[in-house]
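Student: You'll find structure19.pdb just under this line, and it carries PDB, C-alpha atoms, pLDDT in the B column.
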```pdb
ATOM      1  CA  MET F 289     170.100 -15.268  19.973  1.00 95.00           C
ATOM      2  CA  VAL F 290     169.383 -12.048  18.099  1.00 98.00           C
ATOM      3  CA  GLU F 291     167.703  -9.351  20.178  1.00 98.00           C
ATOM      4  CA  ASP F 292     168.091  -6.607  17.578  1.00 98.00           C
ATOM      5  CA  GLY F 293     169.709  -6.166  14.180  1.00 98.00           C
ATOM      6  CA  ASN F 294     170.165  -8.186  11.012  1.00 98.00           C
ATOM      7  CA  ALA F 295     172.727 -10.724   9.852  1.00 98.00           C
ATOM      8  CA  MET F 296     173.371 -12.926   6.838  1.00 98.00           C
ATOM      9  CA  CYS F 297     174.364 -16.589   7.008  1.00 95.00           C
ATOM     10  CA  SER F 298     176.543 -18.111   4.304  1.00 94.00           C
ATOM     11  CA  VAL F 299     177.970 -21.560   3.672  1.00 90.00           C
ATOM     12  CA  ARG F 300     181.081 -21.701   1.492  1.00 90.00           C
ATOM     13  CA  GLY F 301     180.288 -18.216   0.199  1.00 92.00           C
ATOM     14  CA  THR F 302     176.635 -18.895  -0.696  1.00 90.00           C
ATOM     15  CA  GLU F 303     173.892 -17.087   1.206  1.00 92.00           C
ATOM     16  CA  ARG F 304     171.684 -19.560   3.071  1.00 90.00           C
ATOM     17  CA  ALA F 305     169.668 -17.490   5.537  1.00 93.00           C
ATOM     18  CA  ARG F 306     169.079 -14.130   7.149  1.00 96.00           C
ATOM     19  CA  PHE F 307     168.631 -13.560  10.863  1.00 97.00           C
ATOM     20  CA  GLN F 308     166.695 -10.867  12.719  1.00 97.00           C
ATOM     21  CA  ALA F 309     165.250 -10.308  16.188  1.00 98.00           C
ATOM     22  CA  GLY F 310     164.065 -13.595  17.705  1.00 95.00           C
ATOM     23  CA  ASP F 311     166.253 -15.798  15.500  1.00 96.00           C
ATOM     24  CA  PHE F 312     169.200 -17.851  16.705  1.00 95.00           C
ATOM     25  CA  PHE F 313     172.360 -19.368  15.287  1.00 95.00           C
ATOM     26  CA  GLY F 314     175.423 -21.287  16.466  1.00 93.00           C
ATOM     27  CA  GLU F 315     173.392 -24.026  18.128  1.00 93.00           C
ATOM     28  CA  MET F 316     174.837 -26.942  16.134  1.00 91.00           C
ATOM     29  CA  ALA F 317     178.365 -26.465  17.479  1.00 91.00           C
ATOM     30  CA  LEU F 318     176.960 -26.215  21.008  1.00 92.00           C
ATOM     31  CA  LEU F 319     174.841 -29.347  20.556  1.00 93.00           C
ATOM     32  CA  ASP F 320     177.493 -31.698  19.199  1.00 93.00           C
ATOM     33  CA  GLY F 321     180.824 -29.970  19.861  1.00 91.00           C
ATOM     34  CA  GLY F 322     181.661 -30.137  16.152  1.00 92.00           C
ATOM     35  CA  PRO F 323     183.057 -27.374  13.973  1.00 90.00           C
ATOM     36  CA  ARG F 324     180.951 -24.480  12.818  1.00 89.00           C
ATOM     37  CA  THR F 325     179.202 -25.136   9.518  1.00 86.00           C
ATOM     38  CA  ALA F 326     178.398 -21.572   8.448  1.00 92.00           C
ATOM     39  CA  THR F 327     179.536 -17.978   8.651  1.00 95.00           C
ATOM     40  CA  VAL F 328     177.181 -15.353  10.084  1.00 97.00           C
ATOM     41  CA  THR F 329     177.960 -11.745   9.187  1.00 97.00           C
ATOM     42  CA  ALA F 330     176.258  -8.764  10.835  1.00 98.00           C
ATOM     43  CA  GLU F 331     174.647  -6.411   8.330  1.00 98.00           C
ATOM     44  CA  THR F 332     173.654  -3.858  10.971  1.00 98.00           C
ATOM     45  CA  SER F 333     174.589  -3.146  14.551  1.00 98.00           C
ATOM     46  CA  MET F 334     173.343  -6.062  16.607  1.00 98.00           C
ATOM     47  CA  ASP F 335     172.350  -6.886  20.163  1.00 98.00           C
ATOM     48  CA  LEU F 336     172.889 -10.577  20.864  1.00 98.00           C
ATOM     49  CA  VAL F 337     172.440 -12.958  23.776  1.00 96.00           C
ATOM     50  CA  VAL F 338     175.438 -15.295  23.853  1.00 96.00           C
ATOM     51  CA  TYR F 339     175.267 -18.528  25.838  1.00 95.00           C
ATOM     52  CA  SER F 340     178.189 -20.565  27.114  1.00 94.00           C
ATOM     53  CA  LEU F 341     177.976 -24.332  26.665  1.00 94.00           C
ATOM     54  CA  VAL F 342     176.895 -24.749  30.286  1.00 95.00           C
ATOM     55  CA  GLU F 343     174.229 -22.025  30.005  1.00 96.00           C
ATOM     56  CA  PHE F 344     172.937 -23.475  26.737  1.00 95.00           C
ATOM     57  CA  ARG F 345     172.603 -26.977  28.208  1.00 95.00           C
ATOM     58  CA  GLU F 346     170.908 -25.640  31.355  1.00 96.00           C
ATOM     59  CA  MET F 347     168.443 -23.687  29.208  1.00 95.00           C
ATOM     60  CA  LEU F 348     167.579 -26.789  27.150  1.00 95.00           C
ATOM     61  CA  ASP F 349     167.265 -28.955  30.263  1.00 96.00           C
ATOM     62  CA  SER F 350     164.862 -26.472  31.845  1.00 97.00           C
ATOM     63  CA  SER F 351     162.410 -25.963  28.978  1.00 95.00           C
ATOM     64  CA  ALA F 352     160.602 -28.427  26.727  1.00 96.00           C
ATOM     65  CA  CYS F 353     159.262 -25.439  24.763  1.00 96.00           C
ATOM     66  CA  ILE F 354     162.791 -24.282  23.901  1.00 94.00           C
ATOM     67  CA  GLN F 355     163.805 -27.843  23.020  1.00 95.00           C
ATOM     68  CA  ARG F 356     160.842 -28.131  20.642  1.00 96.00           C
ATOM     69  CA  ARG F 357     161.549 -24.776  19.005  1.00 94.00           C
ATOM     70  CA  LEU F 358     165.180 -25.765  18.476  1.00 94.00           C
ATOM     71  CA  LEU F 359     164.220 -29.130  16.955  1.00 95.00           C
ATOM     72  CA  VAL F 360     161.646 -27.568  14.631  1.00 96.00           C
ATOM     73  CA  GLU F 361     164.154 -24.971  13.429  1.00 93.00           C
ATOM     74  CA  LEU F 362     166.902 -27.579  12.911  1.00 93.00           C
ATOM     75  CA  ALA F 363     164.478 -29.693  10.854  1.00 95.00           C
ATOM     76  CA  ARG F 364     163.499 -26.653   8.762  1.00 93.00           C
ATOM     77  CA  ARG F 365     167.149 -25.778   8.121  1.00 89.00           C
ATOM     78  CA  LEU F 366     167.915 -29.371   7.126  1.00 90.00           C
ATOM     79  CA  ARG F 367     165.034 -29.357   4.628  1.00 93.00           C
ATOM     80  CA  VAL F 368     166.227 -26.065   3.137  1.00 87.00           C
ATOM     81  CA  ALA F 369     169.806 -27.369   2.863  1.00 84.00           C
ATOM     82  CA  ASP F 370     168.553 -30.600   1.303  1.00 86.00           C
ATOM     83  CA  ALA F 371     166.516 -28.697  -1.289  1.00 88.00           C
ATOM     84  CA  ALA F 372     169.519 -26.529  -2.177  1.00 81.00           C
ATOM     85  CA  ALA F 373     171.809 -29.551  -2.724  1.00 74.00           C
TER      86      ALA F 373
END
```
Could you take the file, read its structure, and then write that structure out as structure tokens?

Tutor:
Amino acid sequence: MVEDGNAMCSVRGTERARFQAGDFFGEMALLDGGPRTATVTAETSMDLVVYSLVEFREMLDSSACIQRRLLVELARRLRVADAAA
């Protein structure tokens, strides 16, 4: 999760998103154990919160609010990817 700074997300060399404070990335690989699907490159110095798999699962198990936010964001990203295809 981004606490401070800015980053750019690309898929196969094409920019797909930008991240700033409050945004998150890397959740798909933690959710399903699959390979990463994008590259995130810092554009400024960044402060990040990095969760291990165990920490990530504990966080999701403890908060319906976080689960909902994650689902909403995954749905939004899927719609954006679908529109770009």

Student: Applying 9 Å and all atoms listed in the file, which residues near F:Asp311 remain after dropping the ones on its own chain fewer than 5 positions away? List them as a list of chain:residue names.

Tutor: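 My list of contacting residues is F:Met289, F:Val290, F:Glu291, F:Arg306.
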
Student: I'd like the neighbourhood of stretch 322-339 of chain F as a ChimeraX atom specification, where a residue qualifies if any of its atoms comes within 6 Å (using all atoms listed in the file), though same-chain residues fewer than 6 positions away should be ignored.

Tutor: /F:289-299

Student: Name all residues at most 12 Å from F:Leu341 (count only C-alpha atoms; drop same-chain ones fewer than 5 positions away) and give them as a PDB file with C-alpha atoms, in the frame of the given file.

Tutor:
```pdb
ATOM      1  CA  GLY F 314     175.423 -21.287  16.466  1.00 93.00           C
ATOM      2  CA  GLU F 315     173.392 -24.026  18.128  1.00 93.00           C
ATOM      3  CA  MET F 316     174.837 -26.942  16.134  1.00 91.00           C
ATOM      4  CA  ALA F 317     178.365 -26.465  17.479  1.00 91.00           C
ATOM      5  CA  LEU F 318     176.960 -26.215  21.008  1.00 92.00           C
ATOM      6  CA  LEU F 319     174.841 -29.347  20.556  1.00 93.00           C
ATOM      7  CA  ASP F 320     177.493 -31.698  19.199  1.00 93.00           C
ATOM      8  CA  GLY F 321     180.824 -29.970  19.861  1.00 91.00           C
ATOM      9  CA  GLU F 346     170.908 -25.640  31.355  1.00 96.00           C
ATOM     10  CA  MET F 347     168.443 -23.687  29.208  1.00 95.00           C
ATOM     11  CA  LEU F 348     167.579 -26.789  27.150  1.00 95.00           C
TER      12      LEU F 348
END
```

Student: So how far away is atom CA of F:Ser351 from atom CA of F:Asp370, in Å?

Tutor: 28.7 Å

Student: Can you measure atom CA of F:Phe312 to atom CA of F:Leu362 for me? One decimal in Å is fine.

Tutor: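 Calculated distance between atom CA of F:Phe312 and atom CA of F:Leu362 is 10.7 Å.
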
Student: Rounded to one decimal place, report the atom CA of F:Arg300-atom CA of F:Ala371 distance in Å.

Tutor: 16.4 Å

Student: Pick from F:Arg304, F:Val342, F:Ala352, F:Phe313: nearest to F:Arg367, with only C-alpha atoms counted?

Tutor: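 Among the listed residues, the smallest separation from F:Arg367 belongs to F:Arg304.
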
Student: Around stretch 335-345 of chain F, with edges along x, y and z and 3 Å added on all six sides, what centre and edge lengths do you get, in Å to one decimal, as AutoDock Vina command-line options?

Tutor:
```
--center_x 175.3 --center_y -16.9 --center_z 25.2 --size_x 11.8 --size_y 26.1 --size_z 16.1
```
